[in-house]
$ cat protein14.txt   # compact mmCIF, C-alpha atoms
# COMPACT_ATOMS: atom_id res chain seq x y z
CA MET A 1 -49.03 146.62 -112.85
CA PRO A 2 -50.98 145.06 -109.95
CA ALA A 3 -54.48 146.51 -109.48
CA SER A 4 -53.79 147.65 -105.88
CA ARG A 5 -50.64 149.50 -106.91
CA ARG A 6 -52.40 151.12 -109.88
CA GLN A 7 -55.26 152.24 -107.64
CA GLY A 8 -52.80 153.70 -105.13
CA ARG A 9 -51.03 155.61 -107.90
CA GLU A 10 -54.33 156.95 -109.27
CA ALA A 11 -55.37 158.01 -105.74
CA GLY A 12 -52.06 159.83 -105.34
CA MET A 13 -52.56 161.68 -108.61
CA ALA A 14 -56.13 162.55 -107.61
CA ARG A 15 -54.87 164.31 -104.49
CA GLY A 16 -53.57 167.10 -106.67
CA SER A 17 -50.20 168.46 -107.69
CA SER A 18 -48.80 168.38 -104.14
CA ALA A 19 -48.58 164.57 -104.23
CA GLY A 20 -44.95 163.62 -103.81
CA TYR A 21 -43.64 167.18 -103.99
CA ASP A 22 -44.14 167.81 -100.27
CA ARG A 23 -41.88 164.91 -99.23
CA HIS A 24 -38.72 167.03 -99.28
CA ILE A 25 -38.21 170.69 -98.59
CA THR A 26 -35.73 171.09 -101.45
CA ILE A 27 -38.04 169.89 -104.26
CA PHE A 28 -40.06 172.37 -106.28
CA SER A 29 -43.45 171.32 -107.62
CA PRO A 30 -44.14 171.84 -111.36
CA GLU A 31 -45.96 175.05 -110.38
CA GLY A 32 -42.78 176.32 -108.67
CA ARG A 33 -44.05 175.91 -105.11
CA LEU A 34 -42.26 174.63 -102.01
CA TYR A 35 -45.03 172.90 -100.09
CA GLN A 36 -43.06 172.37 -96.88
CA VAL A 37 -42.55 176.14 -96.61
CA GLU A 38 -46.27 176.69 -97.18
CA TYR A 39 -47.01 174.16 -94.43
CA ALA A 40 -44.75 176.18 -92.09
CA PHE A 41 -47.06 179.18 -92.63
CA LYS A 42 -50.00 176.98 -91.66
CA ALA A 43 -48.14 175.85 -88.53
CA ILE A 44 -48.08 179.48 -87.33
CA LYS A 45 -51.87 179.42 -87.13
CA THR A 46 -51.97 176.21 -85.06
CA SER A 47 -50.97 178.19 -81.96
CA GLY A 48 -54.49 179.67 -81.98
CA LEU A 49 -53.05 183.10 -81.14
CA THR A 50 -53.24 186.42 -82.97
CA SER A 51 -50.56 189.10 -82.61
CA VAL A 52 -50.62 192.74 -83.70
CA GLY A 53 -47.88 195.33 -84.10
CA VAL A 54 -48.40 199.07 -84.70
CA ARG A 55 -45.86 201.84 -85.30
CA GLY A 56 -46.68 205.33 -84.06
CA ALA A 57 -44.94 208.69 -84.40
CA ASP A 58 -42.80 208.18 -81.29
CA SER A 59 -43.46 204.60 -80.23
CA CYS A 60 -44.16 201.02 -81.29
CA VAL A 61 -46.42 198.49 -79.61
CA VAL A 62 -46.80 194.73 -79.99
CA LEU A 63 -49.78 192.83 -78.60
CA THR A 64 -50.66 189.17 -78.46
CA GLN A 65 -53.20 186.97 -76.75
CA ARG A 66 -52.21 185.25 -73.54
CA LYS A 67 -53.51 181.70 -73.31
CA ILE A 68 -52.53 179.45 -70.41
CA PRO A 69 -52.62 175.88 -71.77
CA ASP A 70 -52.92 174.20 -68.36
CA LYS A 71 -54.43 175.34 -65.06
CA LEU A 72 -51.33 174.11 -63.23
CA HIS A 73 -49.00 176.33 -65.24
CA ASP A 74 -47.57 179.44 -63.62
CA PRO A 75 -49.07 182.23 -65.79
CA GLU A 76 -45.97 184.40 -65.33
CA SER A 77 -43.83 181.77 -67.09
CA VAL A 78 -46.02 181.64 -70.22
CA THR A 79 -45.07 184.36 -72.71
CA ASN A 80 -44.68 185.04 -76.41
CA MET A 81 -42.81 188.32 -75.87
CA TYR A 82 -39.03 188.24 -75.86
CA HIS A 83 -36.33 190.88 -75.67
CA VAL A 84 -33.31 190.51 -77.95
CA THR A 85 -31.44 193.47 -76.45
CA ASP A 86 -32.61 195.93 -73.81
CA LYS A 87 -34.02 198.14 -76.56
CA ILE A 88 -35.22 195.64 -79.17
CA GLY A 89 -37.95 193.08 -78.59
CA LEU A 90 -40.30 190.89 -80.53
CA VAL A 91 -43.48 188.89 -80.37
CA MET A 92 -43.32 185.33 -81.67
CA THR A 93 -46.42 183.62 -83.04
CA GLY A 94 -46.40 179.91 -83.77
CA ILE A 95 -44.48 176.94 -82.38
CA VAL A 96 -42.99 177.93 -79.01
CA PRO A 97 -39.83 175.74 -79.05
CA ASP A 98 -38.95 177.12 -82.50
CA ALA A 99 -39.50 180.63 -81.16
CA ARG A 100 -37.17 180.15 -78.20
CA ALA A 101 -34.43 178.65 -80.37
CA SER A 102 -34.72 181.56 -82.81
CA VAL A 103 -34.63 184.18 -80.02
CA SER A 104 -31.52 182.56 -78.56
CA ARG A 105 -29.78 182.80 -81.94
CA LEU A 106 -30.84 186.43 -82.44
CA ARG A 107 -29.52 187.37 -79.01
CA ALA A 108 -26.17 185.86 -79.97
CA GLU A 109 -26.20 187.79 -83.26
CA ALA A 110 -26.99 191.07 -81.45
CA ALA A 111 -24.26 190.48 -78.86
CA GLN A 112 -21.70 189.66 -81.59
CA PHE A 113 -22.64 192.84 -83.49
CA LYS A 114 -22.17 194.94 -80.35
CA PHE A 115 -18.79 193.28 -79.70
CA ASP A 116 -17.60 193.79 -83.30
CA TYR A 117 -18.78 197.34 -83.91
CA GLY A 118 -19.19 198.89 -80.46
CA TYR A 119 -22.81 200.02 -80.80
CA ASP A 120 -26.25 198.39 -80.58
CA ILE A 121 -27.49 196.49 -83.61
CA PRO A 122 -30.02 198.49 -85.70
CA VAL A 123 -33.53 197.04 -85.80
CA GLY A 124 -33.52 196.67 -89.58
CA PHE A 125 -30.19 194.83 -89.57
CA LEU A 126 -31.45 192.41 -86.91
CA ALA A 127 -34.59 191.76 -88.98
CA LYS A 128 -32.39 191.10 -92.03
CA ARG A 129 -30.28 188.61 -90.06
CA ALA A 130 -33.42 186.86 -88.79
CA ALA A 131 -34.75 186.61 -92.35
CA ASP A 132 -31.39 185.38 -93.71
CA LEU A 133 -31.27 182.63 -91.09
CA ALA A 134 -34.87 181.63 -91.81
CA GLN A 135 -34.12 181.45 -95.54
CA VAL A 136 -31.24 179.01 -94.96
CA TYR A 137 -33.72 176.64 -93.32
CA THR A 138 -35.66 176.46 -96.60
CA GLN A 139 -32.82 175.20 -98.81
CA HIS A 140 -31.23 172.29 -96.92
CA ALA A 141 -32.70 168.80 -96.85
CA ASN A 142 -31.43 168.20 -93.31
CA MET A 143 -33.40 171.15 -91.88
CA ARG A 144 -37.01 172.26 -91.71
CA PRO A 145 -38.45 175.78 -91.74
CA LEU A 146 -39.25 177.33 -88.37
CA GLY A 147 -43.01 177.50 -87.78
CA ILE A 148 -42.96 181.04 -86.45
CA ALA A 149 -43.71 184.60 -87.54
CA MET A 150 -41.87 187.32 -85.66
CA ILE A 151 -42.80 190.99 -85.32
CA ILE A 152 -39.73 192.97 -84.25
CA VAL A 153 -39.90 196.47 -82.73
CA GLY A 154 -37.32 198.98 -81.57
CA ILE A 155 -36.22 202.60 -81.89
CA ASP A 156 -33.24 203.47 -84.07
CA VAL A 157 -31.26 206.42 -82.71
CA GLU A 158 -29.46 208.36 -85.43
CA GLY A 159 -27.90 211.49 -83.96
CA ASP A 160 -30.77 213.55 -82.57
CA LYS A 161 -33.34 211.51 -84.49
CA MET A 162 -35.30 208.69 -82.90
CA ILE A 163 -37.09 206.54 -85.46
CA PRO A 164 -39.60 203.85 -84.41
CA GLN A 165 -39.14 200.65 -86.41
CA LEU A 166 -41.48 197.70 -86.97
CA PHE A 167 -40.51 194.63 -89.00
CA ARG A 168 -42.09 191.26 -89.68
CA CYS A 169 -40.18 188.10 -90.66
CA ASP A 170 -41.77 184.88 -91.90
CA PRO A 171 -40.64 181.24 -92.35
CA ALA A 172 -39.73 181.83 -96.01
CA GLY A 173 -37.05 184.36 -95.01
CA TYR A 174 -38.97 187.40 -96.21
CA PHE A 175 -38.87 190.57 -94.14
CA VAL A 176 -40.18 194.08 -94.65
CA GLY A 177 -40.93 197.17 -92.57
CA TYR A 178 -44.53 197.93 -91.66
CA LYS A 179 -46.69 200.76 -90.38
CA ALA A 180 -48.85 198.05 -88.77
CA THR A 181 -49.06 194.29 -89.19
CA SER A 182 -50.34 191.10 -87.63
CA ALA A 183 -49.65 187.37 -87.45
CA GLY A 184 -51.43 184.23 -86.34
CA GLN A 185 -54.83 182.63 -86.57
CA LYS A 186 -56.85 185.78 -87.41
CA GLU A 187 -54.08 187.43 -89.42
CA GLN A 188 -56.19 188.14 -92.50
CA GLU A 189 -59.03 189.71 -90.50
CA ALA A 190 -56.55 191.83 -88.53
CA ASN A 191 -54.78 193.02 -91.68
CA ASN A 192 -58.14 193.95 -93.23
CA PHE A 193 -58.93 196.05 -90.15
CA LEU A 194 -55.51 197.76 -90.24
CA GLU A 195 -55.68 198.44 -93.98
CA LYS A 196 -59.14 199.96 -93.60
CA ARG A 197 -57.85 202.40 -90.97
CA PHE A 198 -54.75 203.37 -92.97
CA LYS A 199 -56.77 203.82 -96.16
CA THR A 200 -58.26 207.09 -94.89
CA ASP A 201 -54.89 208.41 -93.69
CA PRO A 202 -51.85 206.59 -95.14
CA ASN A 203 -49.41 208.29 -92.75
CA PRO A 204 -51.15 209.00 -89.45
CA SER A 205 -49.08 210.62 -86.71
CA LEU A 206 -50.22 208.41 -83.84
CA SER A 207 -49.39 209.43 -80.29
CA TYR A 208 -48.31 206.77 -77.79
CA ASP A 209 -51.84 206.38 -76.35
CA ASP A 210 -53.37 206.24 -79.84
CA THR A 211 -50.85 203.61 -80.93
CA VAL A 212 -51.61 201.30 -78.00
CA GLN A 213 -55.37 201.79 -78.26
CA PHE A 214 -55.32 201.29 -82.04
CA ALA A 215 -53.59 197.91 -81.55
CA LEU A 216 -56.07 196.97 -78.81
CA ALA A 217 -59.01 197.99 -81.02
CA CYS A 218 -57.68 195.78 -83.83
CA LEU A 219 -57.29 192.73 -81.58
CA GLN A 220 -60.69 193.35 -79.98
CA ASN A 221 -62.34 193.68 -83.37
CA VAL A 222 -60.96 190.45 -84.88
CA LEU A 223 -61.61 188.39 -81.75
CA GLY A 224 -65.18 189.67 -81.61
CA SER A 225 -65.29 190.15 -77.84
CA ASP A 226 -64.26 192.63 -75.18
CA LEU A 227 -60.73 192.09 -73.99
CA LYS A 228 -59.56 191.70 -70.40
CA ALA A 229 -56.11 192.75 -69.24
CA SER A 230 -55.34 189.18 -68.16
CA ASP A 231 -55.95 187.95 -71.74
CA ILE A 232 -53.33 190.20 -73.33
CA GLU A 233 -49.58 190.63 -73.39
CA ALA A 234 -48.42 194.08 -74.47
CA CYS A 235 -44.92 195.49 -74.86
CA VAL A 236 -43.82 198.93 -76.04
CA VAL A 237 -40.79 200.96 -77.00
CA ARG A 238 -40.98 204.75 -76.76
CA ASN A 239 -38.76 207.71 -77.58
CA GLU A 240 -39.00 208.72 -73.92
CA ASN A 241 -37.94 205.25 -72.77
CA LEU A 242 -36.03 203.30 -75.40
CA LYS A 243 -36.19 200.04 -73.45
CA PHE A 244 -38.48 197.23 -74.55
CA THR A 245 -41.03 197.43 -71.74
CA ARG A 246 -43.88 195.13 -70.79
CA LEU A 247 -47.11 196.91 -69.84
CA THR A 248 -48.56 195.95 -66.47
CA ALA A 249 -52.12 194.65 -66.13
CA ASP A 250 -53.15 198.01 -64.65
CA GLU A 251 -51.70 199.93 -67.61
CA VAL A 252 -53.45 197.63 -70.10
CA GLU A 253 -56.72 197.98 -68.16
CA ALA A 254 -56.39 201.79 -68.26
CA HIS A 255 -55.95 201.71 -72.05
CA LEU A 256 -58.91 199.35 -72.46
CA THR A 257 -61.07 201.70 -70.40
CA ALA A 258 -59.93 204.70 -72.45
CA LEU A 259 -60.62 202.75 -75.65
CA ALA A 260 -64.17 201.92 -74.53
CA GLU A 261 -64.84 205.62 -73.94
CA ARG A 262 -63.55 206.71 -77.36
CA ASP A 263 -65.86 207.37 -80.24
CA ASP A 264 -63.66 207.96 -83.29
CA ASP A 265 -62.23 206.07 -86.25
CA ILE A 266 -59.74 204.12 -84.12
CA VAL A 267 -62.56 202.34 -82.31
CA ALA A 268 -64.20 201.53 -85.65
CA ARG A 269 -67.68 200.86 -84.36
CA GLU A 270 -69.74 199.82 -87.35
$ encode --input "protein14.txt" --output "structure tokens"
Amino acid sequence: MPASRRQGREAGMARGSSAGYDRHITIFSPEGRLYQVEYAFKAIKTSGLTSVGVRGADSCVVLTQRKIPDKLHDPESVTNMYHVTDKIGLVMTGIVPDARASVSRLRAEAAQFKFDYGYDIPVGFLAKRAADLAQVYTQHANMRPLGIAMIIVGIDVEGDKMIPQLFRCDPAGYFVGYKATSAGQKEQEANNFLEKRFKTDPNPSLSYDDTVQFALACLQNVLGSDLKASDIEACVVRNENLKFTRLTADEVEAHLTALAERDDDIVARE
């Protein structure tokens, strides 16, 4: 074997067990890992954004950072919040083109469900469809996983009951319901904050105001600076108003002011 080829082979082996096994999405490494799927999780963090979702007793809220990549962009056209139906919405974190393609498909799925069965698609069923579609992208060589994490919120109406729902789907096709969750660059720090708050009371009955301010406190804590209304996108669903609604800058500012005046465990001042 020529010396240059031998050296190249030894260098490849020195890189670790991922060498060669990340060339195709359909090849498992000897440790049973799919490296391309793991890289998709890393792609979510490249957006530089952090998103938070919290479920309350009668509402759900999703928050994300708003970053305008170019001064010439119209800020109103830059968003990571999307509605799937009037009453179900989501925040996408990761690669924006992937997010828009996924939202378009989910809207088609929701419309087809309504046409077939005559009622709105339940939040959990939509999350399952999103996860099923994401999983398909991990098992075909002619596809690649979508570099997005989605946090889906809505209110399921079952007779007289109105049940807030919060789900998270990832590129591997895994989905599960959450009391609170996060995604993006500071995901681990945000989850640590949320877990710390739920440790003292595993099933808090959060009012609408508490839910929004808890999510704001989490984002403010992990970013390490005071938030401004212009830096945040916030959307909510409530029992009083089932529609997926975007909060105005004035409403966000009012919640930030109320949060600054609080002095309880939600604020979590160390």
$ residues_near_point --input "protein14.txt" --point "(-51.4, 180.4, -86.9)" --cutoff "9 Å" --atoms "all atoms listed in the file" --output "list of chain:residue names"
A:Phe41, A:Lys42, A:Ala43, A:Ile44, A:Lys45, A:Thr46, A:Ser47, A:Gly48, A:Leu49, A:Thr50, A:Thr93, A:Gly94, A:Ile95, A:Gly147, A:Ile148, A:Ala149, A:Ala183, A:Gly184, A:Gln185, A:Lys186, A:Glu187
$ closest_residue --input "protein14.txt" --among "A:Ala141, A:Pro69, A:Asp210, A:Tyr119" --to "A:Glu158" --atoms "all atoms listed in the file"
A:Tyr119
$ atom_distance --input "protein14.txt" --atom1 "atom CA of A:Ser29" --atom2 "atom CA of A:Gly173"
19.2 Å
$ closest_residue --input "protein14.txt" --among "A:Asp70, A:Asp209, A:Asp98, A:Glu233" --to "A:Thr257" --atoms "all atoms listed in the file"
A:Asp209
$ atom_distance --input "protein14.txt" --atom1 "atom CA of A:Pro164" --atom2 "atom CA of A:Ala40"
29.2 Å
$ closest_residue --input "protein14.txt" --among "A:Phe198, A:Asn203, A:Tyr174, A:Arg66" --to "A:Asp132" --atoms "only C-alpha atoms"
A:Tyr174
$ closest_residue --input "protein14.txt" --among "A:Arg144, A:Arg55, A:Lys67, A:His73" --to "A:Tyr35" --atoms "only C-alpha atoms"
A:Arg144
$ atom_distance --input "protein14.txt" --atom1 "atom CA of A:Ala172" --atom2 "atom CA of A:Ala127"
13.2 Å
$ decode --input "protein14.txt" --residues "stretch 57-72 of chain A" --atoms "N, CA and C atoms" --output "PDB file, in the first residue's frame"
ATOM      1  N   ALA A  57     -52.843  26.047  32.962  1.00  0.00           N
ATOM      2  CA  ALA A  57     -54.105  25.381  33.277  1.00  0.00           C
ATOM      3  C   ALA A  57     -55.153  25.625  32.202  1.00  0.00           C
ATOM      4  N   ASP A  58     -55.121  26.814  31.584  1.00  0.00           N
ATOM      5  CA  ASP A  58     -56.144  27.142  30.586  1.00  0.00           C
ATOM      6  C   ASP A  58     -55.545  27.792  29.346  1.00  0.00           C
ATOM      7  N   SER A  59     -54.234  27.614  29.145  1.00  0.00           N
ATOM      8  CA  SER A  59     -53.593  28.272  28.011  1.00  0.00           C
ATOM      9  C   SER A  59     -52.242  27.617  27.718  1.00  0.00           C
ATOM     10  N   CYS A  60     -51.717  27.922  26.535  1.00  0.00           N
ATOM     11  CA  CYS A  60     -50.345  27.538  26.178  1.00  0.00           C
ATOM     12  C   CYS A  60     -49.690  28.743  25.524  1.00  0.00           C
ATOM     13  N   VAL A  61     -48.393  28.876  25.739  1.00  0.00           N
ATOM     14  CA  VAL A  61     -47.659  29.982  25.124  1.00  0.00           C
ATOM     15  C   VAL A  61     -46.382  29.442  24.496  1.00  0.00           C
ATOM     16  N   VAL A  62     -46.026  29.991  23.345  1.00  0.00           N
ATOM     17  CA  VAL A  62     -44.727  29.700  22.737  1.00  0.00           C
ATOM     18  C   VAL A  62     -44.010  31.029  22.493  1.00  0.00           C
ATOM     19  N   LEU A  63     -42.726  31.048  22.833  1.00  0.00           N
ATOM     20  CA  LEU A  63     -41.902  32.243  22.665  1.00  0.00           C
ATOM     21  C   LEU A  63     -40.676  31.889  21.845  1.00  0.00           C
ATOM     22  N   THR A  64     -40.167  32.821  21.103  1.00  0.00           N
ATOM     23  CA  THR A  64     -38.863  32.658  20.478  1.00  0.00           C
ATOM     24  C   THR A  64     -38.222  34.017  20.304  1.00  0.00           C
ATOM     25  N   GLN A  65     -36.923  34.015  20.086  1.00  0.00           N
ATOM     26  CA  GLN A  65     -36.228  35.269  19.820  1.00  0.00           C
ATOM     27  C   GLN A  65     -36.545  35.739  18.396  1.00  0.00           C
ATOM     28  N   ARG A  66     -36.562  37.037  18.234  1.00  0.00           N
ATOM     29  CA  ARG A  66     -36.710  37.608  16.897  1.00  0.00           C
ATOM     30  C   ARG A  66     -35.377  38.264  16.526  1.00  0.00           C
ATOM     31  N   LYS A  67     -34.743  37.721  15.505  1.00  0.00           N
ATOM     32  CA  LYS A  67     -33.493  38.291  15.011  1.00  0.00           C
ATOM     33  C   LYS A  67     -33.665  38.641  13.539  1.00  0.00           C
ATOM     34  N   ILE A  68     -33.424  39.905  13.206  1.00  0.00           N
ATOM     35  CA  ILE A  68     -33.522  40.348  11.819  1.00  0.00           C
ATOM     36  C   ILE A  68     -32.135  40.229  11.199  1.00  0.00           C
ATOM     37  N   PRO A  69     -31.940  39.316  10.230  1.00  0.00           N
ATOM     38  CA  PRO A  69     -30.589  39.069   9.719  1.00  0.00           C
ATOM     39  C   PRO A  69     -29.991  40.219   8.916  1.00  0.00           C
ATOM     40  N   ASP A  70     -30.833  41.099   8.377  1.00  0.00           N
ATOM     41  CA  ASP A  70     -30.322  42.176   7.535  1.00  0.00           C
ATOM     42  C   ASP A  70     -31.124  43.435   7.821  1.00  0.00           C
ATOM     43  N   LYS A  71     -30.462  44.577   7.875  1.00  0.00           N
ATOM     44  CA  LYS A  71     -31.145  45.842   8.166  1.00  0.00           C
ATOM     45  C   LYS A  71     -32.165  46.216   7.096  1.00  0.00           C
ATOM     46  N   LEU A  72     -31.991  45.687   5.883  1.00  0.00           N
ATOM     47  CA  LEU A  72     -32.918  46.007   4.799  1.00  0.00           C
ATOM     48  C   LEU A  72     -34.170  45.129   4.812  1.00  0.00           C
TER      49      LEU A  72
END
